[in-house]
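Here is the structure we will look at.
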Amino acid sequence: MSRGSGGYDRHITIFSPEGRLYQVEYAFKAVKAAGITSIAVRGKDSVCFVTQKKVTDKLIDPTSVTHMFKITKQIGVLVTGQLADAKSQVQKARSEAAEFRFKYGYEMPVDFLAKVLADQAQVYTQHAYMRPLAVIPILIGIDEERGPQLYKVDPAGYYVGYKATSAGAKDQEAENYLEKKFKGNPQYSFDEAVQMAITALQSVLSEDFKPSQIEVGVVRDDAQKAFRVLTNSEVEEHLTAISERD
């Protein structure tokens, strides 16, 4: 129990006199406590996200560590926060997307999947026998009518579309950086969007990355519109282009 909460953080269903739900606030803090910062950027014909890749033990196989998951062929999700909770939410997302395709005969739109995950997160704030998931999913995909789409869902069950966004330990610093870069509503190409996301992460964390230290997921508005995670060699090309430009 934190000081000043007056016992109102014991149950998720009880508001404090100030109108706060402490357990939901603690879920946001748990996301930051994971020590990972993620950034997503939407371009004119693509959308991408980038996050840190931390391997905590030398005996762990690095190829088995990821925060990026394919939900459908065209939708990818980057989950920032507690990885165990992330796996649960990814499983839910895949199940809902598969059921939607079976029922309606076409792929689930990105915004609808964000709504489904947000609805689930919001229900978890209402019942005493549940707890909020300590994760913030960022969803990307290409909508057939509206083009590149970028959505973020928080532990309180709020979701909205973004031009660019961030999550995790240094999300506020990242958003301040992105706000400056998106003045005038620029339309970034694929390479510009990817390099913008990587540059923002490097700037916020004040370090230069090796390809093995970050993950980059992308969806392009081409014939396939498929989500994929860039290989180390592709990430290396973007890092080299950034260093040469600077």
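Just so we're on the same page: first chain in the structure tokens is A, next is B, and so on; residues restart at 1 for each chain, and ligands are numbered from 1 in the order they show up.
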
Could you make a table, as a Markdown table, of the residues of segment 147-220 of chain A that have an atom within 7 Å of an atom of segment 22-44 of chain A, each with its nearest atom pair and distance in Å to one decimal, counting only C-alpha atoms, in chain and number order?
```
| residue | atom | partner | partner_atom | distance |
| --- | --- | --- | --- | --- |
| A:Pro148 | CA | A:Arg42 | CA | 6.7 |
| A:Leu150 | CA | A:Arg42 | CA | 6.6 |
| A:Pro155 | CA | A:Ala27 | CA | 6.5 |
| A:Ala156 | CA | A:Val24 | CA | 6.3 |
| A:Lys163 | CA | A:Arg42 | CA | 5.3 |
| A:Ala164 | CA | A:Val41 | CA | 4.3 |
| A:Thr165 | CA | A:Ala40 | CA | 5.3 |
| A:Ser166 | CA | A:Ile39 | CA | 4.3 |
| A:Ala167 | CA | A:Ser38 | CA | 5.2 |
| A:Gly168 | CA | A:Thr37 | CA | 4.5 |
| A:Ala169 | CA | A:Lys32 | CA | 4.2 |
| A:Lys170 | CA | A:Thr37 | CA | 5.9 |
| A:Asp171 | CA | A:Thr37 | CA | 6.6 |
| A:Gln187 | CA | A:Lys44 | CA | 5.1 |
| A:Tyr188 | CA | A:Gly43 | CA | 4.5 |
| A:Ser189 | CA | A:Gly43 | CA | 5.8 |
| A:Phe190 | CA | A:Gly43 | CA | 6.4 |
| A:Ala193 | CA | A:Gly43 | CA | 5.6 |
| A:Ala197 | CA | A:Ile39 | CA | 6.0 |
| A:Leu201 | CA | A:Ile39 | CA | 6.7 |
```

How would you write, as a ChimeraX atom specification, the set of residues in segment 8-242 of chain A that DSSP gives as strand (DSSP E or B)?
/A:37-42,46-52,68-70,76-81,135-143,147-153,159-161,164-168,214-220,227-229

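In this structure, atom CA of Glu207 of chain A sits 19.2 Å away from atom CA of Lys181 of chain A.
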
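Near Glu145 of chain A, within a cut-off of 12 Å and counting only C-alpha atoms, sit the residues Pro109, Val110 and Asp221 of chain A, with same-chain residues fewer than 6 positions away left out.
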
Could you list, as number ranges by chain, every residue within 12 Å of Ile198 of chain A, counting only C-alpha atoms and ignoring same-chain residues fewer than 6 positions away?
A: 37-41, 48-52, 166, 174, 178, 191-192, 204-211, 213-217, 235-243
